[in-house]
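J.: Here it is, the structure, as structure tokens.
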Amino acid sequence: MSDTIARPDRFGSNAGQPMTRRDGLAKVTGTATFAADNAREGLLHAVYVPATIARGRVASLRTDAAEAHPGVIRVITPANRPALPGDPEAKPTRFSFAIEVLQDDLVRYAGQPVALVVAETIEAATEGARLVTATYEADPPRTDLDDAPDFGIDTPDFGAPGDVVHGDPEAGHAAASTAIDATYEIAPQYHNAMETHAIVAEWDGDRLLLDTPSQALSMSCAAYAYLFDIPVENVTLRSPYLGGGFGSKAIPNGPLVLAIIAARDLARPVKLMLTRQQMFGPVGHRGQTRQRIRLGADGDGALTVIDHENLAATSSFEMFLEPASNASQGLYAAKALRSRHRGVRLDIGTPGPMRAPGEASGSAVLECAVDEIAEAAGMDPLDFRLKNYAETEPGTGRPYSSKALRECYARGAEAFGWKDRPREPGKMRDEAGLLVGWGMGTAFFPSPMFAAEARATLRADGTAIVETSAADMGQGAWTSLAQIAADSLGLPLDSVEFRSGHSALPDGGVAGGSGHTATAGGALHAAGGNVIRQLGEMAAEQPDSPLFGAGNARLRAHGGRLHVEGDETRSDALVDILARAGKSELVASGKASRPDEDAKRHAMNSHGAVFAEIRVDPDLGQMRVTRLVGAFAAGRIINPRLAESQLKGGMIWGISFALHEEARHDRRTGRIVNADLAEYRVPVNADVRGLEVITVHEDDAYVNALGIKGVGEIGITGTVGAIGNAIHHATGKRFRRFPIRPRDLLAT
Amino acid sequence: MRPFDFVRPNSVAEALAAWEPGAAYLGGGTNLVDLMKTGALRPGRVIDITRLPDLSAIEVAADGSARIGALVRNADLARAAEILRAYPMVAEALLSGASGQLRNAATLGGNLVQHTRCAYFMDAHAACNRRDPGAGCDARGGAADNMAILGHSPACIATNPSDLCVPLVALDASVEIAGPDGGREMPLAAFHMLPGDTPSEATALRPGELIVALHMPPGAADFAHHARYLKVRERTSYAFALVSAAAAFRMEGARIGAARLTLGSVAAKPWRIEEAEDLLAGQMPDDALFARAADAATAGAAPSNDNAWKIELARRTAIRALKMAASGTPDRMPALPASPFGALEAPAHV
């Protein structure tokens, strides 16, 4: 058996082209229908009452004023909540979390729903929710990593990362002639997609219709079916557009389920949409981490050990530890690697996967540490990284399926002008006298693949319908998946109707883990390929076809025709083959996933190099990233325009991580005091200057049939460290807490 | 939000007549509506004054004085040629605030009465003497950023977040007020109140009174050639100030004839420092002099929670603003107004 996947057509007429977003016009003109845009006959509005303490129990709930408020239909509390057949703390799917749906009077975190008000108007529901008065028996909240004892992981699982050790870390420490030992803190971050979580739920008997943004349609349907004890095929979930997901919309949450409960109880459609403030609680976040990292290097600058310890916050009732220290595996050729994880249970909403979960937080620390030890070893940070370049996966020795990181370093450094960087910090100033610093980081993200299905239907008129339930979070799946679908049939994009975002379609898998294009695209490619294969078989038996008797000849579809590979003169139109067979259409399904043996044989990752320039006004603590150059190798790029946009978005997220994002708790109440987008800061346009993305082409024969690695998350990695290192290069100071704030600069 | 009456008067007299206890005047709504949504403010009646006639004019006289209607939008004020010429740091402060969209909506009068950004004032579930007299102050010992270092009291440590008011106080602006008992005019410096024991009295406005105009005194334009607003913040745009400063000089030859220095976001009102101004007057500008002036500016400062860092930042901001003013008002508005990065390449958006 060959150890390469038979190489399919890499670049068809559509894939590889920088097509503009097919949904762009609808979005900018406001005609794209997001979940909360759905209005229904008899629609009711639900607003939940958030807990104002973080730990304790609800002692009393007064609902009479709310119930008397004009327009209020029902106030649902733990005392009168209609029964939910499923256990809200069960895990019906792989990515399930315990949810808070008024099952008891316990308060687990500030912002947890303690009552739900349903009314005829959003205004009445909002005021009704305000009129519900709760009293609490409060215990002192635990909201910081030092507030509770830490614990280790006994049984690794989703959200419970296991320790990984390769080689002998202690020997690595002992062998080091240069060593660094640093501890970093990373503040909690909240996803805050532009579109807040929303749902319109309607029951028809035991059939449930949901309009709600979802990154994982089939898994969400399974979870709702379990919770309400109905067949999964009775759940219809429509999610054509998401205003961002970032991991938060992959997992059903309590408020959404409460709306479904209310809709069933009242036998009317119910809409619930979270306010911006409510996004800071029941819908996941990137948990706070404290990471200790110790690196050792020998006299030649070769890493002897990377020893990375992670302490991560989770909720008091559920497990999700940001797997930060895992980022130290698989990248640098250290003789010993150790990634350890411990957790702390706090009175916070359960953390969850947030864009580059683990890698974002871990890379920030690793890349700063590498910079620090390079400096200690007297080496340029890029030279140090090249010295420790891993030709095979460190620890396991597995070959990489492809790895053009060296070219990323070279092209990024060239575009940035890295060779002109003075080694010593504090030596560069701009024309206005501000400090200038240059820093870099390596970007790294796994290239996973999930399982998906798709269906392709070729019609007699030469058009096709290609379908999968895959979700577009805003990343461009509507466009790039359609490009793959059209190529799989050898048709121009305009001849293909691409259907997506609906649970009745074949399961498109999960839009997450940077694996969506590979996964859903793989299924589409297979479905179209199966149509073409059947057509080829039909043509080979049609005496009137130019392909009659072609038999085992390799056939390729493009331009609406089937061609014998290597003999372009011998071809037949798809529609003619169909017509001769007397068929009005030809339907085929396709599936994609990665065989376990492929996954074991090769290490599969995207790589990149990010170079940052920052200007610092040290007197006033002001920092501004003025250039950010990222060079990325991520396999085959389906749509360069959209991929570049994704990578830029990731790099901007890196600015956000490095300099801005931080949720702050009041230590007395446990409430987050900056739960809005004025005070929970993300970068604005003026914070993003000089952004440049370079994509380095990789042919990867192993990662999947299409050679796609994914670009969704890698842009964050590398960038945070590059900015931290640039600040060090500008100021000579190391800041060991993210975000780095003006006051931190002033404190030194 | 709770149901409220909405009235839309057609004259100042009608607006005043429409007022009742618990009513709120609505200008651009960029602050009031947000706070109504969070539940921090719950007016029973909202009086939309945006249709009132004759409150949208900008009139600058030859002597450097001006009358600016209360309904002039921030964006219009910032881009008015006569404002840019006569009071450039007023325009610079305006352009450093909020976003283009908000500046298009926000009004001058509304800016003068905008509420503190204290997280505990905005959170209806928190104890706040400013919102609910006698309730206590959760901001003390809390996690809110950006609390006062000057003029705070045991009852309240909030700051006034306005950019605009900082240079206006520096330039001796005054407020023209209409009220049920007739009109009056008062210095803007006396308009915002320090909290003392009564932080709920954020301004000197009496019940039912309405700001109708702002006046700049004769001579305010004399500072136009050496006038800067500097705003230190946690992102390059669309953020409230950690600390800001308006600094201006009327030069007499190489000497400072008169100086103005006001700090923003350090107290419940723009913090004018006359001691520093006196110290600067008649002197040759230099760094040591500016440092002494800045020391005077922050002499009485004290942290109100974990914000001692802000005192040193205020001192440095004052020094920098004085230096920037000494080097002269730029010929053109910087691409990034009020920013230490203002000299960098022009951005497309601010």
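Ligands are numbered from 1 in the order shown, chains are lettered A, B, ... in the order of the structure tokens, and residues start at 1 in each chain.
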Using the chain letters and numbers from this document, which residues of range 221-439 of chain A does DSSP assign to helix (DSSP H, G or I), as a PyMOL selection string?
T.: chain A and resi 221-228+232-234+248-250+254-266+277-279+324-328+359-376+381-387+405-416+418-420
J.: What are the closest atom pairs, with distances in Å to one decimal, for each residue of chain A lying within 10 Å of chain B, using only C-alpha atoms, rows by chain and rising residue number, as a tab-separated table?
T.:
```
residue	atom	partner	partner_atom	distance
A:Thr52	CA	B:His125	CA	7.2
A:His69	CA	B:Arg2	CA	9.8
A:Ile122	CA	B:Met1	CA	9.5
A:Glu123	CA	B:Met1	CA	6.3
A:Ala124	CA	B:Met1	CA	7.9
A:Ala125	CA	B:Met1	CA	9.1
A:Thr126	CA	B:Met1	CA	6.2
A:Glu127	CA	B:Met1	CA	5.1
A:Gly128	CA	B:Arg2	CA	8.8
A:Ala129	CA	B:Met1	CA	9.6
A:Arg130	CA	B:Met1	CA	8.1
A:Leu131	CA	B:Arg2	CA	9.5
A:Gln277	CA	B:Thr38	CA	9.1
A:Asp430	CA	B:Leu344	CA	9.4
A:Glu431	CA	B:Ala343	CA	9.0
A:Ala432	CA	B:Ala343	CA	7.1
A:Leu434	CA	B:Phe341	CA	8.6
A:Arg615	CA	B:Phe341	CA	8.5
A:Val616	CA	B:Phe341	CA	9.1
A:Asp617	CA	B:Pro340	CA	7.4
A:Asp619	CA	B:Arg316	CA	6.7
A:Leu620	CA	B:Leu313	CA	6.3
A:Gly621	CA	B:Val232	CA	8.2
A:Gln622	CA	B:Val232	CA	7.2
A:Met623	CA	B:Arg235	CA	8.2
A:Arg624	CA	B:Thr236	CA	7.3
A:Val625	CA	B:Thr236	CA	10.0
A:Thr626	CA	B:Leu344	CA	9.3
A:Ser656	CA	B:Arg235	CA	9.9
A:Leu659	CA	B:Arg235	CA	8.4
A:His660	CA	B:Glu234	CA	7.5
A:Arg664	CA	B:Ala143	CA	6.7
A:His665	CA	B:Ala143	CA	6.5
A:Asp666	CA	B:Ala143	CA	5.1
A:Arg667	CA	B:Gly142	CA	7.3
A:Arg668	CA	B:Gly142	CA	7.7
A:Thr669	CA	B:Gly142	CA	9.4
A:Arg671	CA	B:Ala143	CA	9.6
A:Ile672	CA	B:Ala143	CA	8.6
A:Val673	CA	B:Ala119	CA	6.0
A:Asn674	CA	B:Ala119	CA	6.9
A:Ala675	CA	B:Ala119	CA	9.2
A:Ala678	CA	B:Ala239	CA	7.0
A:Glu679	CA	B:Ala239	CA	8.0
A:Arg681	CA	B:Arg235	CA	7.8
A:Val682	CA	B:Arg235	CA	8.3
A:Pro683	CA	B:Arg235	CA	6.9
A:Val684	CA	B:Ser237	CA	6.7
A:Asn685	CA	B:His349	CA	6.5
A:Ala686	CA	B:Thr236	CA	5.8
A:Asp687	CA	B:Thr236	CA	5.6
A:Val688	CA	B:Thr236	CA	9.3
A:Arg689	CA	B:Pro347	CA	8.2
A:Ile740	CA	B:Glu234	CA	9.9
A:Arg741	CA	B:Glu234	CA	7.0
A:Pro742	CA	B:Glu234	CA	6.6
A:Arg743	CA	B:Trp309	CA	6.5
A:Asp744	CA	B:Trp309	CA	9.1
A:Leu746	CA	B:Trp309	CA	7.0
A:Ala747	CA	B:Trp309	CA	7.1
```
J.: Run DSSP on the backbone and grab whatever in range 82-236 of chain B lands in strand (DSSP E); send it over as a ChimeraX atom specification.
T.: /B:174-178,184-187,210-216,227-232
J.: Would you mind exporting the chosen residues as a PDB file, in the first residue's frame, restricted to N, CA and C atoms?
T.:
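Saved the output as out-v1.pdb:
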```
ATOM      1  N   SER B 174     -17.928  79.255  30.250  1.00  0.00           N
ATOM      2  CA  SER B 174     -19.049  79.335  31.182  1.00  0.00           C
ATOM      3  C   SER B 174     -20.299  78.745  30.535  1.00  0.00           C
ATOM      4  N   VAL B 175     -21.235  78.403  31.372  1.00  0.00           N
ATOM      5  CA  VAL B 175     -22.416  77.674  30.934  1.00  0.00           C
ATOM      6  C   VAL B 175     -23.636  78.578  31.052  1.00  0.00           C
ATOM      7  N   GLU B 176     -24.409  78.638  29.991  1.00  0.00           N
ATOM      8  CA  GLU B 176     -25.664  79.402  30.019  1.00  0.00           C
ATOM      9  C   GLU B 176     -26.811  78.424  30.252  1.00  0.00           C
ATOM     10  N   ILE B 177     -27.576  78.727  31.283  1.00  0.00           N
ATOM     11  CA  ILE B 177     -28.584  77.781  31.746  1.00  0.00           C
ATOM     12  C   ILE B 177     -29.951  78.448  31.738  1.00  0.00           C
ATOM     13  N   ALA B 178     -30.942  77.725  31.254  1.00  0.00           N
ATOM     14  CA  ALA B 178     -32.328  78.193  31.375  1.00  0.00           C
ATOM     15  C   ALA B 178     -33.008  77.364  32.456  1.00  0.00           C
ATOM     16  N   ARG B 184     -29.474  81.813  33.913  1.00  0.00           N
ATOM     17  CA  ARG B 184     -28.276  82.220  34.640  1.00  0.00           C
ATOM     18  C   ARG B 184     -27.060  81.709  33.879  1.00  0.00           C
ATOM     19  N   GLU B 185     -25.918  82.230  34.250  1.00  0.00           N
ATOM     20  CA  GLU B 185     -24.682  81.790  33.628  1.00  0.00           C
ATOM     21  C   GLU B 185     -23.680  81.536  34.732  1.00  0.00           C
ATOM     22  N   MET B 186     -22.919  80.458  34.613  1.00  0.00           N
ATOM     23  CA  MET B 186     -21.929  80.163  35.648  1.00  0.00           C
ATOM     24  C   MET B 186     -20.674  79.601  35.012  1.00  0.00           C
ATOM     25  N   PRO B 187     -19.539  79.796  35.701  1.00  0.00           N
ATOM     26  CA  PRO B 187     -18.288  79.233  35.157  1.00  0.00           C
ATOM     27  C   PRO B 187     -18.376  77.711  35.080  1.00  0.00           C
ATOM     28  N   LEU B 210     -31.910  73.562  32.282  1.00  0.00           N
ATOM     29  CA  LEU B 210     -31.468  73.034  30.993  1.00  0.00           C
ATOM     30  C   LEU B 210     -30.313  73.895  30.481  1.00  0.00           C
ATOM     31  N   ILE B 211     -29.225  73.238  30.074  1.00  0.00           N
ATOM     32  CA  ILE B 211     -28.109  73.965  29.465  1.00  0.00           C
ATOM     33  C   ILE B 211     -28.542  74.412  28.075  1.00  0.00           C
ATOM     34  N   VAL B 212     -28.365  75.676  27.782  1.00  0.00           N
ATOM     35  CA  VAL B 212     -28.738  76.139  26.445  1.00  0.00           C
ATOM     36  C   VAL B 212     -27.528  76.555  25.608  1.00  0.00           C
ATOM     37  N   ALA B 213     -26.441  76.910  26.272  1.00  0.00           N
ATOM     38  CA  ALA B 213     -25.270  77.332  25.488  1.00  0.00           C
ATOM     39  C   ALA B 213     -24.023  77.312  26.349  1.00  0.00           C
ATOM     40  N   LEU B 214     -22.905  77.385  25.638  1.00  0.00           N
ATOM     41  CA  LEU B 214     -21.610  77.487  26.293  1.00  0.00           C
ATOM     42  C   LEU B 214     -20.967  78.776  25.795  1.00  0.00           C
ATOM     43  N   HIS B 215     -20.333  79.480  26.706  1.00  0.00           N
ATOM     44  CA  HIS B 215     -19.673  80.727  26.328  1.00  0.00           C
ATOM     45  C   HIS B 215     -18.175  80.622  26.528  1.00  0.00           C
ATOM     46  N   MET B 216     -17.447  81.103  25.536  1.00  0.00           N
ATOM     47  CA  MET B 216     -16.002  81.242  25.687  1.00  0.00           C
ATOM     48  C   MET B 216     -15.740  82.721  25.922  1.00  0.00           C
ATOM     49  N   ALA B 227      -1.478  75.447  22.319  1.00  0.00           N
ATOM     50  CA  ALA B 227      -2.571  74.796  23.051  1.00  0.00           C
ATOM     51  C   ALA B 227      -2.660  73.338  22.631  1.00  0.00           C
ATOM     52  N   ARG B 228      -2.533  72.444  23.581  1.00  0.00           N
ATOM     53  CA  ARG B 228      -2.642  71.018  23.260  1.00  0.00           C
ATOM     54  C   ARG B 228      -3.486  70.284  24.298  1.00  0.00           C
ATOM     55  N   TYR B 229      -4.135  69.271  23.798  1.00  0.00           N
ATOM     56  CA  TYR B 229      -4.812  68.314  24.685  1.00  0.00           C
ATOM     57  C   TYR B 229      -4.092  66.994  24.510  1.00  0.00           C
ATOM     58  N   LEU B 230      -3.737  66.338  25.598  1.00  0.00           N
ATOM     59  CA  LEU B 230      -3.046  65.048  25.570  1.00  0.00           C
ATOM     60  C   LEU B 230      -3.855  64.044  26.374  1.00  0.00           C
ATOM     61  N   LYS B 231      -4.077  62.903  25.781  1.00  0.00           N
ATOM     62  CA  LYS B 231      -4.945  61.893  26.403  1.00  0.00           C
ATOM     63  C   LYS B 231      -4.197  60.565  26.466  1.00  0.00           C
ATOM     64  N   VAL B 232      -3.980  60.069  27.665  1.00  0.00           N
ATOM     65  CA  VAL B 232      -3.333  58.769  27.850  1.00  0.00           C
ATOM     66  C   VAL B 232      -4.428  57.726  28.040  1.00  0.00           C
TER      67      VAL B 232
END
```
J.: Counting only C-alpha atoms, what is within 9 Å of range 488-495 of chain A, bar same-chain residues fewer than 5 positions away, as number ranges by chain?
T.: A: 9, 12-14, 456, 458, 462-465, 482-483, 524-532, 556-562
J.: Pull N, CA, C and O atoms from the residues just selected and write them as an mmCIF file, in the first residue's frame.
T.:
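Heads up, here's the output in selection_17.cif:
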```
data_model
loop_
_atom_site.group_PDB
_atom_site.id
_atom_site.type_symbol
_atom_site.label_atom_id
_atom_site.label_comp_id
_atom_site.auth_asym_id
_atom_site.auth_seq_id
_atom_site.Cartn_x
_atom_site.Cartn_y
_atom_site.Cartn_z
ATOM 1 N N ASP A 9 -6.631 16.260 -7.890
ATOM 2 C CA ASP A 9 -6.490 17.561 -8.545
ATOM 3 C C ASP A 9 -6.309 18.635 -7.483
ATOM 4 O O ASP A 9 -7.203 18.894 -6.708
ATOM 5 N N GLY A 12 -8.235 23.341 -8.875
ATOM 6 C CA GLY A 12 -9.208 23.330 -9.945
ATOM 7 C C GLY A 12 -9.450 24.739 -10.430
ATOM 8 O O GLY A 12 -8.684 25.652 -10.154
ATOM 9 N N SER A 13 -10.506 24.920 -11.155
ATOM 10 C CA SER A 13 -10.757 26.241 -11.713
ATOM 11 C C SER A 13 -11.249 27.203 -10.642
ATOM 12 O O SER A 13 -11.159 28.404 -10.811
ATOM 13 N N ASN A 14 -11.756 26.661 -9.533
ATOM 14 C CA ASN A 14 -12.314 27.519 -8.490
ATOM 15 C C ASN A 14 -11.399 27.604 -7.276
ATOM 16 O O ASN A 14 -11.031 28.686 -6.839
ATOM 17 N N ALA A 456 -23.963 15.475 -3.244
ATOM 18 C CA ALA A 456 -23.884 16.255 -4.482
ATOM 19 C C ALA A 456 -24.936 15.734 -5.445
ATOM 20 O O ALA A 456 -25.112 14.520 -5.606
ATOM 21 N N LEU A 458 -26.069 16.257 -9.361
ATOM 22 C CA LEU A 458 -25.879 16.844 -10.691
ATOM 23 C C LEU A 458 -27.199 16.756 -11.446
ATOM 24 O O LEU A 458 -27.834 15.692 -11.469
ATOM 25 N N GLY A 462 -27.054 20.650 -16.246
ATOM 26 C CA GLY A 462 -25.641 20.967 -16.024
ATOM 27 C C GLY A 462 -25.372 21.755 -14.772
ATOM 28 O O GLY A 462 -24.234 22.131 -14.510
ATOM 29 N N THR A 463 -26.409 22.023 -14.002
ATOM 30 C CA THR A 463 -26.198 22.665 -12.702
ATOM 31 C C THR A 463 -26.180 21.581 -11.635
ATOM 32 O O THR A 463 -26.546 20.435 -11.890
ATOM 33 N N ALA A 464 -25.758 21.997 -10.455
ATOM 34 C CA ALA A 464 -25.672 21.033 -9.362
ATOM 35 C C ALA A 464 -26.074 21.669 -8.053
ATOM 36 O O ALA A 464 -26.005 22.896 -7.886
ATOM 37 N N ILE A 465 -26.504 20.818 -7.148
ATOM 38 C CA ILE A 465 -26.740 21.228 -5.769
ATOM 39 C C ILE A 465 -25.764 20.432 -4.912
ATOM 40 O O ILE A 465 -25.676 19.211 -5.047
ATOM 41 N N ALA A 482 -17.941 26.206 -1.191
ATOM 42 C CA ALA A 482 -18.580 26.166 -2.505
ATOM 43 C C ALA A 482 -17.540 26.005 -3.609
ATOM 44 O O ALA A 482 -17.780 25.328 -4.614
ATOM 45 N N GLN A 483 -16.380 26.609 -3.421
ATOM 46 C CA GLN A 483 -15.305 26.459 -4.420
ATOM 47 C C GLN A 483 -14.868 24.992 -4.524
ATOM 48 O O GLN A 483 -14.685 24.467 -5.613
ATOM 49 N N LEU A 524 -17.352 17.258 0.817
ATOM 50 C CA LEU A 524 -17.877 17.789 -0.442
ATOM 51 C C LEU A 524 -17.073 17.250 -1.624
ATOM 52 O O LEU A 524 -17.629 16.854 -2.660
ATOM 53 N N HIS A 525 -15.781 17.225 -1.441
ATOM 54 C CA HIS A 525 -14.887 16.709 -2.485
ATOM 55 C C HIS A 525 -15.215 15.248 -2.776
ATOM 56 O O HIS A 525 -15.263 14.824 -3.948
ATOM 57 N N ALA A 526 -15.475 14.506 -1.734
ATOM 58 C CA ALA A 526 -15.792 13.085 -1.919
ATOM 59 C C ALA A 526 -17.148 12.911 -2.600
ATOM 60 O O ALA A 526 -17.306 12.054 -3.488
ATOM 61 N N ALA A 527 -18.111 13.724 -2.209
ATOM 62 C CA ALA A 527 -19.452 13.602 -2.794
ATOM 63 C C ALA A 527 -19.418 13.906 -4.285
ATOM 64 O O ALA A 527 -19.950 13.147 -5.117
ATOM 65 N N GLY A 528 -18.777 15.022 -4.628
ATOM 66 C CA GLY A 528 -18.668 15.374 -6.047
ATOM 67 C C GLY A 528 -17.875 14.327 -6.804
ATOM 68 O O GLY A 528 -18.231 13.934 -7.930
ATOM 69 N N GLY A 529 -16.806 13.865 -6.165
ATOM 70 C CA GLY A 529 -15.975 12.830 -6.791
ATOM 71 C C GLY A 529 -16.770 11.565 -7.066
ATOM 72 O O GLY A 529 -16.573 10.902 -8.099
ATOM 73 N N ASN A 530 -17.679 11.237 -6.174
ATOM 74 C CA ASN A 530 -18.501 10.044 -6.376
ATOM 75 C C ASN A 530 -19.486 10.223 -7.538
ATOM 76 O O ASN A 530 -19.779 9.264 -8.264
ATOM 77 N N VAL A 531 -19.996 11.423 -7.696
ATOM 78 C CA VAL A 531 -20.839 11.692 -8.866
ATOM 79 C C VAL A 531 -20.023 11.497 -10.145
ATOM 80 O O VAL A 531 -20.449 10.821 -11.096
ATOM 81 N N ILE A 532 -18.837 12.083 -10.142
ATOM 82 C CA ILE A 532 -17.982 12.013 -11.344
ATOM 83 C C ILE A 532 -17.577 10.568 -11.639
ATOM 84 O O ILE A 532 -17.557 10.124 -12.791
ATOM 85 N N ARG A 556 -10.842 13.101 -15.464
ATOM 86 C CA ARG A 556 -10.895 14.341 -14.689
ATOM 87 C C ARG A 556 -12.071 15.164 -15.187
ATOM 88 O O ARG A 556 -12.334 15.218 -16.381
ATOM 89 N N ALA A 557 -12.726 15.825 -14.238
ATOM 90 C CA ALA A 557 -13.837 16.698 -14.612
ATOM 91 C C ALA A 557 -13.393 18.144 -14.510
ATOM 92 O O ALA A 557 -12.864 18.559 -13.486
ATOM 93 N N HIS A 558 -13.555 18.878 -15.571
ATOM 94 C CA HIS A 558 -13.440 20.336 -15.486
ATOM 95 C C HIS A 558 -14.176 20.960 -16.657
ATOM 96 O O HIS A 558 -14.375 20.323 -17.704
ATOM 97 N N GLY A 559 -14.609 22.167 -16.429
ATOM 98 C CA GLY A 559 -15.358 22.876 -17.455
ATOM 99 C C GLY A 559 -16.645 22.180 -17.864
ATOM 100 O O GLY A 559 -17.109 22.312 -18.996
ATOM 101 N N GLY A 560 -17.228 21.415 -16.969
ATOM 102 C CA GLY A 560 -18.488 20.739 -17.257
ATOM 103 C C GLY A 560 -18.327 19.492 -18.097
ATOM 104 O O GLY A 560 -19.312 18.942 -18.591
ATOM 105 N N ARG A 561 -17.086 19.041 -18.274
ATOM 106 C CA ARG A 561 -16.826 17.855 -19.085
ATOM 107 C C ARG A 561 -15.928 16.882 -18.340
ATOM 108 O O ARG A 561 -15.151 17.269 -17.471
ATOM 109 N N LEU A 562 -16.041 15.636 -18.738
ATOM 110 C CA LEU A 562 -15.129 14.603 -18.254
ATOM 111 C C LEU A 562 -14.046 14.402 -19.296
ATOM 112 O O LEU A 562 -14.350 14.223 -20.479
#
```
J.: Of the candidates B:Gly264, B:Ile47, B:Ala93, B:Asn111, which one gets nearest to Val72 in chain B if we count only C-alpha atoms?
T.: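 For Val72 in chain B, the nearest of the given residues is B:Asn111.
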J.: Go through A:Trp438, A:Ala722, A:Glu393, A:Ala520 and flag the residue nearest Asp420 in chain A, using only C-alpha atoms for the distances.
T.: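 Of A:Trp438, A:Ala722, A:Glu393, A:Ala520, the one nearest Asp420 in chain A, counting only C-alpha atoms, is A:Trp438.
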J.: With a distance cut-off of 7 Å and only C-alpha atoms, select the neighbouring residues of Leu331 in chain A, excluding the residue or stretch itself and same-chain residues fewer than 3 positions from it, and output the selection as a ChimeraX atom specification.
T.: /A:328,390,394
J.: Could you take the residues named above and write them with N, CA and C atoms, as a PDB file, in the first residue's frame?
T.:
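What landed in part.pdb:
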```pdb
ATOM      1  N   SER A 328       3.892  23.683  24.207  1.00  0.00           N
ATOM      2  CA  SER A 328       5.335  23.458  24.184  1.00  0.00           C
ATOM      3  C   SER A 328       5.723  22.125  23.574  1.00  0.00           C
ATOM      4  N   ALA A 390      12.982  21.782  14.538  1.00  0.00           N
ATOM      5  CA  ALA A 390      12.687  20.348  14.627  1.00  0.00           C
ATOM      6  C   ALA A 390      12.449  19.784  13.231  1.00  0.00           C
ATOM      7  N   PRO A 394       9.472  16.629  17.853  1.00  0.00           N
ATOM      8  CA  PRO A 394      10.246  16.364  19.063  1.00  0.00           C
ATOM      9  C   PRO A 394       9.490  15.393  19.975  1.00  0.00           C
TER      10      PRO A 394
END
```
J.: For Asn234 in chain A, work out the shell of residues within 10 Å, counting only C-alpha atoms and skipping chain neighbours fewer than 3 positions away, then give it as an MDAnalysis selection string.
T.: chainID A and resid 203:209 221 224:225 230:231 237 504
J.: Determine the nearest neighbour of Gly86 in chain A from the options A:Ala364, A:Val118, A:Ala98, A:Ala182, counting only C-alpha atoms.
T.: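 So, comparing all the options, the nearest one is A:Ala98.
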J.: Output as CSV one row per residue of range 419-501 of chain A within 12 Å of range 372-381 of chain A: the closest atom pair and its distance in Å to one decimal place, counting only C-alpha atoms, sorted by chain and residue number ascending.
T.:
```
residue,atom,partner,partner_atom,distance
A:Lys419,CA,A:Asp380,CA,9.6
A:Asp420,CA,A:Asp380,CA,11.3
A:Arg421,CA,A:Asp380,CA,9.0
A:Pro422,CA,A:Asp380,CA,9.2
A:Arg423,CA,A:Asp380,CA,6.5
A:Glu424,CA,A:Glu375,CA,8.7
A:Pro425,CA,A:Glu375,CA,9.8
A:Trp438,CA,A:Pro381,CA,10.5
A:Gly439,CA,A:Pro381,CA,8.3
A:Met440,CA,A:Pro381,CA,7.5
A:Gly441,CA,A:Pro381,CA,8.7
A:Thr442,CA,A:Pro381,CA,10.4
```
